[in-house]
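Student: Take this structure, written in structure tokens, and hold onto it; I'll ask about it next.
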Amino acid sequence: MILKTLQRFRKKSLFLVIMNLGLVASSQNLVPNPSFETYTTCPTSVNQLNSAIPWVTPTLGTPDYFNVCSTNNFVDVPGNFFGFQNARTGDAYAHCVFFPATGANSREYIQAQLTSPLIVGQDYVVSFYVSLANNSKFACNNIGAYLSVTAPFSASSLVLAFTPQINEPSIVTDTVNWILISGVYTATGGEQYITIGNFFDDASTSNSINLSTSFFSTFYLIDDVSVIPVPQPPNILLNTTNDTICEGSCSLLSATVSGGALPNTITWDNGVPNGLGPHNICPSVTTTYTAIVTDSVGLSDTANITLYVIPTNTTSITSNICKGDSLFVGGSWQKTPGIYSDVLVSALGCDSIHNTILNVLPLPLASITGLDSVCEGTLVVLTANGGGTYFWNTNDTTSSININPSNTSTYTVIVSSGSCTNTTSFTLVVNPLPAITANSDVTIAAGTSTTLTTIGSNGTYTWSPQDWLSCITCPITISTPEETITYTISVVDSNGCIASDNITVTVNHESVIFVPNVFTPNGDGDNDIFLVKGFNLKKVEGEIYNRWGQKMFFWDAIRGFWDGRTNSGEEVPDGTYFFIIKAIGSDGKQYLEKGSITLIR
């Protein structure tokens with residue numbers, strides 16, 4: 001028996017496996033009570049995760065259980081003490097602290113025993129959903145799941161020192177949607193506990209501050225936990241009693257299948273009946289047969305086998321070679337087009353005359369277009385022409401490439417048209433940037449002048465902006481600015497290359513402060529903010545109070561302003577408000593301004 005497995009298309013993509021998991025019965029989830037719907041009693045307060053049997057906490061941390069059935073607004077669904085979120089599935093979810101505002105390395109975890117231990121070598125899709133609670137102080141990364149043979153436990157509320165097999169490296173900041181955290185885990189055998197939390201210490205955890213809340217920790221909601229075995233695809237092998245026959249003869253074709261979820265189906269092409277076989281086939285010409293096995297969960301495998309038929313009469317084929325190549329036909333290597341004949345005598349006694357029509361294909365006309373001379377740091381596009389596919393010495397495979405060389409370089413591309421290739425090269429000259437150095441920044445008194453000096457390469461010089469300069473095209477010029485200004489001096493050399501440097505002239509003025517008395521925050525772009533204006537101020541603090549003495553807003557910034565909202569973002573009504581402005585000028589002068597401001601929308 002001759003085994004022929006000429007081509008295999010194994011559909012083992014984890015994406016396809018996960019997409020097909022919908023075909024697997026829900027009982028395949030090894031996590032009990034995956035969406036926390038089953039409970040012994042409705043939660044009446046925080047720290048009651050154990051009500052969602054069989055979920056427990058493996059440390060002294062205090063994870064929470066939220067359910068629609070609760071009559072306590074602290075642990076209700078969808079609204080609770082930590083924000084607002086509907087359950088992703090059903091009526092309940094769990095709640096944990098994954099990163100603390102205080103208490104270094106403090107953590108909370110949830111844990112459950114699987115319905116059966118994991119099988120060694122078996123792949124499992126491990127997944128759960130999280131959502132950042134609205135009232136979280138932080139958002140963090142390193143939210144993960146740890147699968148273990150024994151249940152992790154710690155008589156503290158600190159980080160569990162285990163490495164999670166499934167971990168999310170990105171910071172999860174979404175407070176509106178449920179975010180999937182998942183991965184594929186290959187079991188070492190016997191794992192029967194899943195523990196969810198942050199297994200990294202504070203120094204190894206990235207976080208971002210949620211400025212919309214003043215609460216104190218990082219709260220995440222958890223729902224729909226699953227550990228699902230990944231189905232193994234079937235494997236199909238093909239064989240024939242003879243893989244070479246004379247025209248008019250027959251052979252038996254059959255398939256052997258292993259693995260996959262039973263029952264399976266086997267389909268063939270070229271008129272072969274479905275099923276394993278053996279099938280008696282009598283092709284008149286060499287034929288490749290394809291068989292596809294599909295198991296009960298939709299996973300499949302494909303195999304091909306070719307049955308060679310030796311004709312008993314004269315046959316002809318057309319072969320193409322590229323210019324410069326050769327083909328062994330007619331008893332020797334041929335490089336020129338023509339018809340070449342060979343007499344074939346097989347081991348089965350099938351003789352035939354085989355004619356080869358040889359075509360010699362021209363090589364593609366390879367070329368490269370683009371700028372051949374640029375300045376250092378310039379992004380250049382080179383475009384190859386003349387073929388259908390391209391391969392550059394930069395490892396790029398597109399027709400056009402973007403390059404930014406630091407010195408003169410040569411680029412080579414292999415241009416392919418059909419089965420023929422040609423090579424061409426292109427040299428890009430890179431001109432260095434001119435040199436330019438301006439004198440250091442200076443500080444002058446208002447009403448005085450200063451000389452700006454530049455040393456650099458030969459070329460055309462230009463100053464920008466042109467304000468208060470005696471000459472805008474001279475390397476050395478005089479500036480008499482009325483206010484602080486930064487100048488840019490640019491030089492263009494004979495190659496058209498540009499370099500530049502900056503000089504800042506600081507003008508000292510006495511500090512001045514001005515406080516407006518009305519603004520209209522209606523979004524029309526005109527007078528929308530209450531802004532303290534002035535010159536040479538190095539510190540400005542502002543506080544806004546309503547008529548009852550309640551502080552509505554505050555800031556501590558030179559360009560700080562009030563947009564008609566509270567610090568929590570809520571709009572205040574029209575009316576009169578009172579301000580206290582404290583400022584310090586660059587000259588050391590201190591200001592204390594008090595008064596009223598009218599807000600009109």
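Just so we're on the same page: first chain in the structure tokens is A, next is B, and so on; residues restart at 1 for each chain, and ligands are numbered from 1 in the order they show up.
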Need to verify the contact set: Thr408 (chain A), 10 Å, only C-alpha atoms, exclusion of same-chain residues closer than 2 positions in sequence. Can you return it as a ChimeraX atom specification?
Tutor: /A:372-374,376,405-406,410,427-432
Student: Give me the residues near region 465-472 of chain A as a list in words, where near means some atom within 12 Å (using only C-alpha atoms) and where sequence neighbours in that chain fewer than 4 positions away do not count.
Tutor: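 The residues that qualify are Gly447, Thr448, Ser449, Thr450, Thr451, Leu452, Thr453, Thr460, Tyr461, Ile476, Thr477, Ile478, Ser479, Thr480, Pro481, Glu482, Glu483, Thr484, Ile485, Thr486, Tyr487, Thr488, Ile489, Ser490, Val491, Asn502, Ile503, Thr504 and Val505 of chain A.
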Student: Of the candidates A:Phe391, A:Tyr308, A:Phe328, A:Phe553, which one gets nearest to Cys350 (chain A) if we count only C-alpha atoms?
Tutor: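 Ranked by minimum distance to Cys350 (chain A), first place goes to A:Tyr308.
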Student: Might you pull out every residue within 8 Å of region 38-47 of chain A, with only C-alpha atoms counted and same-chain residues fewer than 2 positions away left off, and present them as a PyMOL selection string?
Tutor: chain A and resi 33+36+49+51-53+62-67+69-72+74-75
Student: Show which residues sit within 7 Å of region 576-580 of chain A, as number ranges by chain. Count only C-alpha atoms, and ignore same-chain residues fewer than 2 positions away.
Tutor: A: 542-547, 582, 593-599
Student: Which residues are close to Thr314 (chain A), i.e. within 9 Å by only C-alpha atoms, leaving aside same-chain residues fewer than 2 positions away? Reply as a list in words.
Tutor: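 Near Thr314 (chain A), the qualifying residues are Pro311, Thr312, Ser316, Ser352, Ile353, His354 and Asn355 of chain A.
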Student: Could you write out that same residue set with N, CA and C atoms as a short mmCIF file (atom, residue, chain, number, x, y, z; two decimals), in the first residue's frame?
Tutor:
data_model
loop_
_atom_site.label_atom_id
_atom_site.label_comp_id
_atom_site.auth_asym_id
_atom_site.auth_seq_id
_atom_site.Cartn_x
_atom_site.Cartn_y
_atom_site.Cartn_z
N PRO A 311 -0.40 7.66 -20.31
CA PRO A 311 -1.22 7.52 -21.52
C PRO A 311 -0.61 6.50 -22.48
N THR A 312 -1.45 5.93 -23.29
CA THR A 312 -1.00 4.95 -24.28
C THR A 312 -0.87 5.58 -25.66
N SER A 316 0.77 15.86 -25.28
CA SER A 316 1.54 17.10 -25.36
C SER A 316 1.24 17.97 -24.14
N SER A 352 4.54 5.73 -24.28
CA SER A 352 3.90 6.86 -24.94
C SER A 352 4.97 7.82 -25.44
N ILE A 353 4.55 8.61 -26.39
CA ILE A 353 5.40 9.70 -26.87
C ILE A 353 4.89 10.98 -26.22
N HIS A 354 5.79 11.65 -25.54
CA HIS A 354 5.42 12.85 -24.79
C HIS A 354 6.05 14.06 -25.46
N ASN A 355 5.20 14.94 -25.98
CA ASN A 355 5.66 16.17 -26.62
C ASN A 355 5.59 17.32 -25.63
#
Student: I'd like the contact shell of region 239-252 of chain A - 6 Å cut-off, only C-alpha atoms, skipping same-chain residues fewer than 6 positions apart - returned as a ChimeraX atom specification.
Tutor: /A:1,3-4,278-282,284,307-311,350
Student: What's the 9 Å shell around Gly330 (chain A), counting only C-alpha atoms, without same-chain residues fewer than 4 positions away, as a ChimeraX atom specification?
Tutor: /A:334,339-343,355-356
Student: Give me a file of those residues, with C-alpha atoms, as an mmCIF file, in the first residue's frame.
Tutor:
data_model
loop_
_atom_site.group_PDB
_atom_site.id
_atom_site.type_symbol
_atom_site.label_atom_id
_atom_site.label_comp_id
_atom_site.auth_asym_id
_atom_site.auth_seq_id
_atom_site.Cartn_x
_atom_site.Cartn_y
_atom_site.Cartn_z
ATOM 1 C CA GLN A 334 16.832 23.152 -23.754
ATOM 2 C CA ILE A 339 8.486 21.297 -29.557
ATOM 3 C CA TYR A 340 10.553 18.482 -27.980
ATOM 4 C CA SER A 341 9.591 14.778 -27.892
ATOM 5 C CA ASP A 342 10.419 12.041 -25.354
ATOM 6 C CA VAL A 343 9.578 8.317 -25.547
ATOM 7 C CA ASN A 355 5.660 16.168 -26.618
ATOM 8 C CA THR A 356 6.700 19.274 -24.726
#
Student: Which of these, A:Asp201, A:Asp269, A:Asp174, A:Asp526, has the shortest distance to Ala104 (chain A) once you count only C-alpha atoms?
Tutor: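 Of A:Asp201, A:Asp269, A:Asp174, A:Asp526, the one nearest Ala104 (chain A) is A:Asp201, counting only C-alpha atoms.
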Student: So which one's closest to Ala435 (chain A), A:Asp493, A:Ser154, A:Asn235, A:Leu382? Using only C-alpha atoms, please.
Tutor: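 Among the listed residues, the smallest separation from Ala435 (chain A) belongs to A:Asp493.
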